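Asker: One structure coming up, written as structure tokens, with questions to follow.
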Amino acid sequence: MKNIYITDLDHTFLKNDLSVSDYTKKIWNSYATDSIVSIATARTYMKTAQFLQGVEINAPMILLDGALIATMDKKIIATKTLGRDATDTIIEEGWKFGIYPFVLALEDAKNLRESFVHDKVLNRYQREVLTRYSSADNIQVEDGIRGKEENFKIVYMGEEELLRELHEHFLTKFGESVKYILAPETYTGCYFLTILNKEADKSYGIQSVSEAMGFELDNLTVFGDNFNDMGMFELAGTSVAMKNAQPEVKDIAKIVLPHTNEEDGVAKYLEGLKNG
């Protein structure tokens, strides 16, 4: 039975400049012949494919926090989305707090084309994020943002206090009919509140990939650093937290690495396994 290795991207596999070192590529790719290797990320397919050039992936990827399961060659395995009406209602409730979200949606299933939708009204954290997407061709700007037919996730960015208030409001309004992820956003120094289909998370993604590839969860090792990784940590036979992981993530991990993502922690762990 093959071993399986699935890693988060940001602050885990990627360096802080969003690159993958040649050393990490070499070690990771050396596992691809005899093991199942893939990723689980909050990122879109488009960004993930961009970041992973030269990195071997031989199993479906868990994308958009588990809302999309797809292969590198754009075959969609499964989706868990929010409908237009639900998304519009969430947007309307959020605007009561003076904030609009980003909406990441499925534009074209046949060609796995995603859309990244935002309103003209932006806060400084959103504007900063958008500077990294200046060359993207899937960005849509609206005057009064609305949902699409199939929405992968709704993402609010802002000060921690505001997003905690917003989270409480959504819980009161919608209960557990949707899934919420409230966590720090390290790149910009703010918080983000992600809203997903109630069945969409990385643990759902792990189950989907397990069914597609026919592997046992006891043979699975996962790597991560943030709250959206905790679901897959609870499923995997071995869960590995980065040195830079959130304390709550370290608390449930079976292994906490002595290295950060900047220090190629995932690759050093994998190289250590090979060397005994």
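Chain labels follow the order of the structure tokens: the first chain is A, the next B, and so on; residue numbering restarts at 1 in every chain, and ligands are counted from 1 in their shown order.
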Each residue of stretch 47-163 of chain A with at least one atom at most 6 Å from stretch 195-204 of chain A should appear once, together with its nearest atom pair and the corresponding distance in Å (one decimal); atoms considered: only C-alpha atoms; ordering: chain, then increasing residue number; output as CSV.
Answerer:
```
residue,atom,partner,partner_atom,distance
A:Asp65,CA,A:Asp201,CA,5.1
A:Gly66,CA,A:Asp201,CA,4.3
A:Ala67,CA,A:Ala200,CA,4.9
A:Lys80,CA,A:Ala200,CA,5.6
A:Thr81,CA,A:Asn197,CA,5.4
A:Leu82,CA,A:Asn197,CA,5.5
A:Lys153,CA,A:Leu196,CA,4.9
A:Ile154,CA,A:Ile195,CA,5.1
```
Asker: Write the selection just made, keeping N, CA and C atoms, as a CSV table (one decimal), in the first residue's frame?
Answerer:
```
chain,number,residue,atom,x,y,z
A,65,ASP,N,-10.4,25.5,-0.1
A,65,ASP,CA,-10.8,24.9,1.2
A,65,ASP,C,-11.7,23.7,1.1
A,66,GLY,N,-11.6,22.9,0.0
A,66,GLY,CA,-12.3,21.7,-0.1
A,66,GLY,C,-13.6,21.9,-0.9
A,67,ALA,N,-13.9,23.1,-1.4
A,67,ALA,CA,-15.1,23.4,-2.2
A,67,ALA,C,-14.9,22.8,-3.6
A,80,LYS,N,-18.5,21.4,-3.9
A,80,LYS,CA,-19.5,21.8,-2.9
A,80,LYS,C,-19.6,23.3,-2.9
A,81,THR,N,-20.7,23.8,-3.4
A,81,THR,CA,-20.9,25.2,-3.6
A,81,THR,C,-22.0,25.8,-2.9
A,82,LEU,N,-22.1,27.2,-2.9
A,82,LEU,CA,-23.2,27.9,-2.4
A,82,LEU,C,-24.0,28.5,-3.6
A,153,LYS,N,-16.7,30.0,-2.5
A,153,LYS,CA,-16.6,30.6,-1.2
A,153,LYS,C,-16.7,32.1,-1.2
A,154,ILE,N,-17.1,32.6,-0.1
A,154,ILE,CA,-17.2,34.1,0.2
A,154,ILE,C,-16.2,34.4,1.2
```
Asker: Tell me which protein, DNA and RNA residues are within 6 Å of stretch 252-259 of chain A, counting only C-alpha atoms, leaving out same-chain ones fewer than 5 positions away, and put them as a ChimeraX atom specification.
Answerer: /A:239-243,265
Asker: Restricting the output to C-alpha atoms, write the selected residues as a compact mmCIF listing (two decimals), in the first residue's frame.
Answerer:
```txt
# COMPACT_ATOMS: atom_id res chain seq x y z
CA SER A 239 -0.56 15.13 11.01
CA VAL A 240 2.44 17.46 10.81
CA ALA A 241 2.34 21.10 11.90
CA MET A 242 4.91 23.65 10.86
CA LYS A 243 7.00 25.48 13.45
CA GLY A 265 10.17 22.33 6.74
```
Asker: Ranking A:Ala136, A:Asp264, A:Lys15, A:Arg124 by minimum distance to A:Gln50 and counting only C-alpha atoms, which one comes first?
Answerer: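 Going through A:Ala136, A:Asp264, A:Lys15, A:Arg124 one by one, the smallest distance to A:Gln50 is for A:Ala136.
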Asker: May I have the residues within 10 Å of A:Glu185 as a list in words, using only C-alpha atoms and disregarding those fewer than 4 positions away in the same chain?
Answerer: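 Residues near the query, excluding close chain neighbours: Tyr125, Met157, Gly158, Glu160, Gly189, Cys190, Tyr191, Phe192, Leu193 and Asn226 of chain A.
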Asker: How would the residues just picked look written out with N, CA, C and O atoms as a PDB file, in the first residue's frame?
Answerer:
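Result saved to again12.pdb:
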```pdb
ATOM      1  N   TYR A 125      -7.176  46.193   3.019  1.00  0.00           N
ATOM      2  CA  TYR A 125      -6.651  44.836   2.954  1.00  0.00           C
ATOM      3  C   TYR A 125      -7.015  44.188   1.623  1.00  0.00           C
ATOM      4  O   TYR A 125      -6.191  43.494   1.010  1.00  0.00           O
ATOM      5  N   MET A 157     -12.373  40.192   4.406  1.00  0.00           N
ATOM      6  CA  MET A 157     -11.087  40.542   4.992  1.00  0.00           C
ATOM      7  C   MET A 157     -11.239  41.848   5.751  1.00  0.00           C
ATOM      8  O   MET A 157     -11.878  42.787   5.263  1.00  0.00           O
ATOM      9  N   GLY A 158     -10.647  41.902   6.967  1.00  0.00           N
ATOM     10  CA  GLY A 158     -10.752  43.126   7.743  1.00  0.00           C
ATOM     11  C   GLY A 158     -10.138  42.975   9.117  1.00  0.00           C
ATOM     12  O   GLY A 158      -9.461  41.977   9.411  1.00  0.00           O
ATOM     13  N   GLU A 160      -9.777  42.197  13.012  1.00  0.00           N
ATOM     14  CA  GLU A 160     -10.268  41.042  13.768  1.00  0.00           C
ATOM     15  C   GLU A 160     -11.589  41.340  14.478  1.00  0.00           C
ATOM     16  O   GLU A 160     -12.534  40.536  14.416  1.00  0.00           O
ATOM     17  N   GLY A 189      -1.711  41.007   7.562  1.00  0.00           N
ATOM     18  CA  GLY A 189      -1.802  41.396   8.962  1.00  0.00           C
ATOM     19  C   GLY A 189      -3.213  41.629   9.448  1.00  0.00           C
ATOM     20  O   GLY A 189      -3.411  42.241  10.498  1.00  0.00           O
ATOM     21  N   CYS A 190      -4.211  41.137   8.706  1.00  0.00           N
ATOM     22  CA  CYS A 190      -5.604  41.291   9.137  1.00  0.00           C
ATOM     23  C   CYS A 190      -6.179  39.911   9.436  1.00  0.00           C
ATOM     24  O   CYS A 190      -5.444  38.955   9.671  1.00  0.00           O
ATOM     25  N   TYR A 191      -7.508  39.815   9.456  1.00  0.00           N
ATOM     26  CA  TYR A 191      -8.202  38.527   9.595  1.00  0.00           C
ATOM     27  C   TYR A 191      -9.020  38.285   8.343  1.00  0.00           C
ATOM     28  O   TYR A 191      -9.307  39.223   7.586  1.00  0.00           O
ATOM     29  N   PHE A 192      -9.370  37.029   8.109  1.00  0.00           N
ATOM     30  CA  PHE A 192     -10.342  36.731   7.059  1.00  0.00           C
ATOM     31  C   PHE A 192     -11.437  35.849   7.630  1.00  0.00           C
ATOM     32  O   PHE A 192     -11.216  35.071   8.560  1.00  0.00           O
ATOM     33  N   LEU A 193     -12.628  36.019   7.096  1.00  0.00           N
ATOM     34  CA  LEU A 193     -13.770  35.175   7.425  1.00  0.00           C
ATOM     35  C   LEU A 193     -14.246  34.547   6.125  1.00  0.00           C
ATOM     36  O   LEU A 193     -14.730  35.243   5.230  1.00  0.00           O
ATOM     37  N   ASN A 226      -2.648  26.307   9.588  1.00  0.00           N
ATOM     38  CA  ASN A 226      -3.709  27.226   9.997  1.00  0.00           C
ATOM     39  C   ASN A 226      -4.995  26.472  10.316  1.00  0.00           C
ATOM     40  O   ASN A 226      -5.093  25.260  10.150  1.00  0.00           O
TER      41      ASN A 226
END
```
Asker: Please provide the set of residues having any atom within 12 Å of A:Leu171, restricted to only C-alpha atoms, with same-chain residues fewer than 5 positions apart removed, written as a list in words.
Answerer: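 The contact residues come out as Ile90, Glu93, Arg164, Glu165, Leu166, Glu176, Ser177, Val178, Lys179, Tyr180, Ile181 and Ile195 of chain A.
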Asker: Limited to all heavy atoms, could you put the picked residues into a file as an mmCIF file, in the first residue's frame?
Answerer:
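Output saved as part.cif:
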```
data_model
loop_
_atom_site.group_PDB
_atom_site.id
_atom_site.type_symbol
_atom_site.label_atom_id
_atom_site.label_comp_id
_atom_site.auth_asym_id
_atom_site.auth_seq_id
_atom_site.Cartn_x
_atom_site.Cartn_y
_atom_site.Cartn_z
ATOM 1 N N ILE A 90 -26.139 36.415 2.069
ATOM 2 C CA ILE A 90 -24.957 36.631 2.906
ATOM 3 C C ILE A 90 -24.326 37.985 2.602
ATOM 4 O O ILE A 90 -23.949 38.736 3.515
ATOM 5 C CB ILE A 90 -23.945 35.482 2.696
ATOM 6 C CG1 ILE A 90 -24.500 34.190 3.300
ATOM 7 C CG2 ILE A 90 -22.586 35.829 3.318
ATOM 8 C CD1 ILE A 90 -23.745 32.950 2.886
ATOM 9 N N GLU A 93 -26.378 40.767 4.175
ATOM 10 C CA GLU A 93 -26.191 40.850 5.626
ATOM 11 C C GLU A 93 -24.825 41.441 5.971
ATOM 12 O O GLU A 93 -24.696 42.217 6.922
ATOM 13 C CB GLU A 93 -26.346 39.464 6.254
ATOM 14 C CG GLU A 93 -27.758 38.921 6.223
ATOM 15 C CD GLU A 93 -28.737 39.781 7.013
ATOM 16 O OE1 GLU A 93 -28.366 40.252 8.110
ATOM 17 O OE2 GLU A 93 -29.868 39.983 6.535
ATOM 18 N N ARG A 164 -15.060 39.319 13.806
ATOM 19 C CA ARG A 164 -15.672 38.521 14.877
ATOM 20 C C ARG A 164 -17.137 38.925 15.067
ATOM 21 O O ARG A 164 -18.010 38.075 15.284
ATOM 22 C CB ARG A 164 -14.887 38.662 16.182
ATOM 23 C CG ARG A 164 -13.543 37.958 16.151
ATOM 24 C CD ARG A 164 -12.932 37.770 17.518
ATOM 25 N NE ARG A 164 -11.624 37.132 17.434
ATOM 26 C CZ ARG A 164 -11.440 35.814 17.302
ATOM 27 N NH1 ARG A 164 -12.491 35.019 17.262
ATOM 28 N NH2 ARG A 164 -10.227 35.304 17.223
ATOM 29 N N GLU A 165 -17.413 40.222 14.983
ATOM 30 C CA GLU A 165 -18.804 40.687 15.072
ATOM 31 C C GLU A 165 -19.618 40.147 13.890
ATOM 32 O O GLU A 165 -20.769 39.720 14.066
ATOM 33 C CB GLU A 165 -18.843 42.219 15.079
ATOM 34 C CG GLU A 165 -18.305 42.853 16.350
ATOM 35 C CD GLU A 165 -18.334 44.371 16.281
ATOM 36 O OE1 GLU A 165 -18.879 44.904 15.293
ATOM 37 O OE2 GLU A 165 -17.802 45.009 17.206
ATOM 38 N N LEU A 166 -19.023 40.183 12.716
ATOM 39 C CA LEU A 166 -19.697 39.691 11.525
ATOM 40 C C LEU A 166 -19.964 38.188 11.640
ATOM 41 O O LEU A 166 -21.049 37.704 11.293
ATOM 42 C CB LEU A 166 -18.838 39.985 10.297
ATOM 43 C CG LEU A 166 -19.461 39.725 8.924
ATOM 44 C CD1 LEU A 166 -20.723 40.560 8.730
ATOM 45 C CD2 LEU A 166 -18.442 40.021 7.818
ATOM 46 N N GLU A 176 -25.762 26.954 11.552
ATOM 47 C CA GLU A 176 -24.772 26.054 10.975
ATOM 48 C C GLU A 176 -25.155 25.604 9.573
ATOM 49 O O GLU A 176 -24.699 24.559 9.092
ATOM 50 C CB GLU A 176 -24.609 24.833 11.887
ATOM 51 C CG GLU A 176 -24.154 25.153 13.296
ATOM 52 C CD GLU A 176 -22.796 25.826 13.351
ATOM 53 O OE1 GLU A 176 -21.967 25.556 12.450
ATOM 54 O OE2 GLU A 176 -22.560 26.611 14.290
ATOM 55 N N SER A 177 -25.992 26.390 8.881
ATOM 56 C CA SER A 177 -26.378 26.039 7.508
ATOM 57 C C SER A 177 -25.238 26.247 6.523
ATOM 58 O O SER A 177 -25.293 25.760 5.388
ATOM 59 C CB SER A 177 -27.593 26.855 7.067
ATOM 60 O OG SER A 177 -27.285 28.240 7.019
ATOM 61 N N VAL A 178 -24.210 26.997 6.943
ATOM 62 C CA VAL A 178 -22.991 27.171 6.160
ATOM 63 C C VAL A 178 -21.797 26.950 7.071
ATOM 64 O O VAL A 178 -21.938 26.870 8.287
ATOM 65 C CB VAL A 178 -22.911 28.580 5.513
ATOM 66 C CG1 VAL A 178 -23.982 28.750 4.455
ATOM 67 C CG2 VAL A 178 -23.033 29.668 6.577
ATOM 68 N N LYS A 179 -20.605 26.829 6.475
ATOM 69 C CA LYS A 179 -19.376 26.643 7.252
ATOM 70 C C LYS A 179 -18.611 27.957 7.316
ATOM 71 O O LYS A 179 -18.547 28.697 6.327
ATOM 72 C CB LYS A 179 -18.513 25.551 6.630
ATOM 73 C CG LYS A 179 -17.246 25.234 7.433
ATOM 74 C CD LYS A 179 -16.474 24.107 6.809
ATOM 75 C CE LYS A 179 -17.231 22.796 6.879
ATOM 76 N NZ LYS A 179 -17.379 22.296 8.256
ATOM 77 N N TYR A 180 -18.025 28.242 8.475
ATOM 78 C CA TYR A 180 -17.267 29.477 8.690
ATOM 79 C C TYR A 180 -15.826 29.132 9.055
ATOM 80 O O TYR A 180 -15.569 28.223 9.843
ATOM 81 C CB TYR A 180 -17.856 30.302 9.834
ATOM 82 C CG TYR A 180 -19.345 30.481 9.775
ATOM 83 C CD1 TYR A 180 -20.192 29.598 10.454
ATOM 84 C CD2 TYR A 180 -19.933 31.537 9.076
ATOM 85 C CE1 TYR A 180 -21.568 29.759 10.425
ATOM 86 C CE2 TYR A 180 -21.305 31.700 9.044
ATOM 87 C CZ TYR A 180 -22.115 30.807 9.718
ATOM 88 O OH TYR A 180 -23.485 30.962 9.691
ATOM 89 N N ILE A 181 -14.884 29.871 8.507
ATOM 90 C CA ILE A 181 -13.484 29.802 8.931
ATOM 91 C C ILE A 181 -13.030 31.216 9.251
ATOM 92 O O ILE A 181 -12.983 32.079 8.373
ATOM 93 C CB ILE A 181 -12.572 29.202 7.842
ATOM 94 C CG1 ILE A 181 -13.035 27.806 7.430
ATOM 95 C CG2 ILE A 181 -11.124 29.158 8.336
ATOM 96 C CD1 ILE A 181 -12.290 27.247 6.230
ATOM 97 N N ILE A 195 -16.716 31.847 4.163
ATOM 98 C CA ILE A 195 -18.000 31.161 4.277
ATOM 99 C C ILE A 195 -18.126 30.197 3.104
ATOM 100 O O ILE A 195 -17.925 30.569 1.941
ATOM 101 C CB ILE A 195 -19.167 32.162 4.278
ATOM 102 C CG1 ILE A 195 -18.994 33.146 5.442
ATOM 103 C CG2 ILE A 195 -20.508 31.435 4.387
ATOM 104 C CD1 ILE A 195 -19.976 34.281 5.445
#
```
Asker: How would you write, as number ranges by chain, the set of residues in stretch 106-250 of chain A that DSSP gives as strand (DSSP E)?
Answerer: A: 106-108, 113-119, 139-142, 151-158, 178-185, 190-197, 220-224, 238-241
Asker: Would you please give, as a ChimeraX atom specification, all residues of stretch 34-127 of chain A that DSSP assigns to helix (DSSP H, G or I) based on the backbone?
Answerer: /A:45-51,64-66,84-95,124-127
Asker: Write out as number ranges by chain each polymer residue whose atoms come within 10 Å of A:Asn3, counting only C-alpha atoms; drop sequence neighbours fewer than 5 positions from it.
Answerer: A: 31, 34-37, 215-221
Asker: Produce a file of the selected residues containing all heavy atoms, as an mmCIF file, in the first residue's frame.
Answerer:
```cif
data_model
loop_
_atom_site.group_PDB
_atom_site.id
_atom_site.type_symbol
_atom_site.label_atom_id
_atom_site.label_comp_id
_atom_site.auth_asym_id
_atom_site.auth_seq_id
_atom_site.Cartn_x
_atom_site.Cartn_y
_atom_site.Cartn_z
ATOM 1 N N TYR A 31 9.405 11.662 -4.085
ATOM 2 C CA TYR A 31 8.372 10.810 -3.486
ATOM 3 C C TYR A 31 7.285 10.419 -4.481
ATOM 4 O O TYR A 31 6.496 9.504 -4.227
ATOM 5 C CB TYR A 31 7.725 11.529 -2.301
ATOM 6 C CG TYR A 31 8.430 11.308 -0.985
ATOM 7 C CD1 TYR A 31 9.627 11.951 -0.704
ATOM 8 C CD2 TYR A 31 7.909 10.457 -0.019
ATOM 9 C CE1 TYR A 31 10.284 11.756 0.490
ATOM 10 C CE2 TYR A 31 8.563 10.246 1.184
ATOM 11 C CZ TYR A 31 9.749 10.893 1.436
ATOM 12 O OH TYR A 31 10.402 10.688 2.624
ATOM 13 N N ASP A 34 6.808 6.536 -5.918
ATOM 14 C CA ASP A 34 6.332 5.421 -5.093
ATOM 15 C C ASP A 34 5.218 5.813 -4.132
ATOM 16 O O ASP A 34 4.720 4.955 -3.398
ATOM 17 C CB ASP A 34 7.498 4.844 -4.286
ATOM 18 C CG ASP A 34 8.599 4.298 -5.184
ATOM 19 O OD1 ASP A 34 8.255 3.659 -6.188
ATOM 20 O OD2 ASP A 34 9.775 4.530 -4.875
ATOM 21 N N SER A 35 4.817 7.093 -4.111
ATOM 22 C CA SER A 35 3.803 7.562 -3.170
ATOM 23 C C SER A 35 2.752 8.381 -3.902
ATOM 24 O O SER A 35 2.950 8.809 -5.043
ATOM 25 C CB SER A 35 4.438 8.431 -2.068
ATOM 26 O OG SER A 35 5.465 7.750 -1.393
ATOM 27 N N ILE A 36 1.633 8.595 -3.248
ATOM 28 C CA ILE A 36 0.609 9.515 -3.737
ATOM 29 C C ILE A 36 0.898 10.878 -3.133
ATOM 30 O O ILE A 36 1.037 11.004 -1.907
ATOM 31 C CB ILE A 36 -0.793 9.029 -3.336
ATOM 32 C CG1 ILE A 36 -1.105 7.683 -4.015
ATOM 33 C CG2 ILE A 36 -1.854 10.056 -3.705
ATOM 34 C CD1 ILE A 36 -2.348 7.008 -3.486
ATOM 35 N N VAL A 37 0.999 11.911 -3.969
ATOM 36 C CA VAL A 37 1.350 13.244 -3.482
ATOM 37 C C VAL A 37 0.386 14.275 -4.061
ATOM 38 O O VAL A 37 0.099 14.289 -5.254
ATOM 39 C CB VAL A 37 2.810 13.621 -3.840
ATOM 40 C CG1 VAL A 37 3.793 12.773 -3.046
ATOM 41 C CG2 VAL A 37 3.088 13.461 -5.333
ATOM 42 N N PHE A 215 -7.120 4.912 -1.189
ATOM 43 C CA PHE A 215 -6.121 4.739 -0.135
ATOM 44 C C PHE A 215 -6.749 4.769 1.256
ATOM 45 O O PHE A 215 -7.853 5.270 1.447
ATOM 46 C CB PHE A 215 -4.988 5.754 -0.251
ATOM 47 C CG PHE A 215 -5.391 7.201 -0.056
ATOM 48 C CD1 PHE A 215 -5.717 7.713 1.193
ATOM 49 C CD2 PHE A 215 -5.410 8.076 -1.143
ATOM 50 C CE1 PHE A 215 -6.052 9.049 1.372
ATOM 51 C CE2 PHE A 215 -5.748 9.413 -0.986
ATOM 52 C CZ PHE A 215 -6.071 9.893 0.276
ATOM 53 N N GLU A 216 -6.011 4.209 2.213
ATOM 54 C CA GLU A 216 -6.443 4.199 3.604
ATOM 55 C C GLU A 216 -5.916 5.437 4.315
ATOM 56 O O GLU A 216 -4.766 5.831 4.129
ATOM 57 C CB GLU A 216 -5.930 2.934 4.313
ATOM 58 C CG GLU A 216 -6.445 1.623 3.732
ATOM 59 C CD GLU A 216 -7.939 1.457 3.929
ATOM 60 O OE1 GLU A 216 -8.464 1.986 4.933
ATOM 61 O OE2 GLU A 216 -8.581 0.808 3.076
ATOM 62 N N LEU A 217 -6.750 6.034 5.149
ATOM 63 C CA LEU A 217 -6.354 7.261 5.843
ATOM 64 C C LEU A 217 -5.204 7.023 6.819
ATOM 65 O O LEU A 217 -4.452 7.944 7.133
ATOM 66 C CB LEU A 217 -7.555 7.855 6.576
ATOM 67 C CG LEU A 217 -8.697 8.334 5.668
ATOM 68 C CD1 LEU A 217 -9.863 8.848 6.510
ATOM 69 C CD2 LEU A 217 -8.230 9.409 4.703
ATOM 70 N N ASP A 218 -5.044 5.786 7.284
ATOM 71 C CA ASP A 218 -3.924 5.487 8.187
ATOM 72 C C ASP A 218 -2.582 5.692 7.496
ATOM 73 O O ASP A 218 -1.571 5.930 8.163
ATOM 74 C CB ASP A 218 -4.013 4.051 8.694
ATOM 75 C CG ASP A 218 -5.120 3.861 9.725
ATOM 76 O OD1 ASP A 218 -5.619 4.879 10.238
ATOM 77 O OD2 ASP A 218 -5.485 2.706 10.002
ATOM 78 N N ASN A 219 -2.572 5.591 6.163
ATOM 79 C CA ASN A 219 -1.322 5.764 5.413
ATOM 80 C C ASN A 219 -1.096 7.205 4.961
ATOM 81 O O ASN A 219 -0.157 7.481 4.216
ATOM 82 C CB ASN A 219 -1.326 4.858 4.184
ATOM 83 C CG ASN A 219 -1.348 3.391 4.548
ATOM 84 O OD1 ASN A 219 -0.737 2.985 5.521
ATOM 85 N ND2 ASN A 219 -2.070 2.598 3.778
ATOM 86 N N LEU A 220 -1.964 8.098 5.413
ATOM 87 C CA LEU A 220 -1.917 9.498 4.972
ATOM 88 C C LEU A 220 -1.157 10.373 5.956
ATOM 89 O O LEU A 220 -1.410 10.344 7.163
ATOM 90 C CB LEU A 220 -3.352 10.028 4.827
ATOM 91 C CG LEU A 220 -3.520 11.531 4.607
ATOM 92 C CD1 LEU A 220 -2.897 11.970 3.282
ATOM 93 C CD2 LEU A 220 -5.000 11.908 4.648
ATOM 94 N N THR A 221 -0.234 11.172 5.414
ATOM 95 C CA THR A 221 0.449 12.217 6.177
ATOM 96 C C THR A 221 0.043 13.567 5.595
ATOM 97 O O THR A 221 0.094 13.763 4.379
ATOM 98 C CB THR A 221 1.973 12.065 6.091
ATOM 99 O OG1 THR A 221 2.363 10.816 6.665
ATOM 100 C CG2 THR A 221 2.683 13.197 6.833
#
```
Asker: Could you please determine the separation between atom CA of A:Phe51 and atom CA of A:Arg113 in Å, to one decimal place?
Answerer: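 Going from atom CA of A:Phe51 over to atom CA of A:Arg113, I get 16.9 Å.
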Asker: What does the distance from atom CA of A:Leu64 to atom CA of A:Ile99 come to in Å, to one decimal?
Answerer: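 Interatomic distance here is 21.4 Å.
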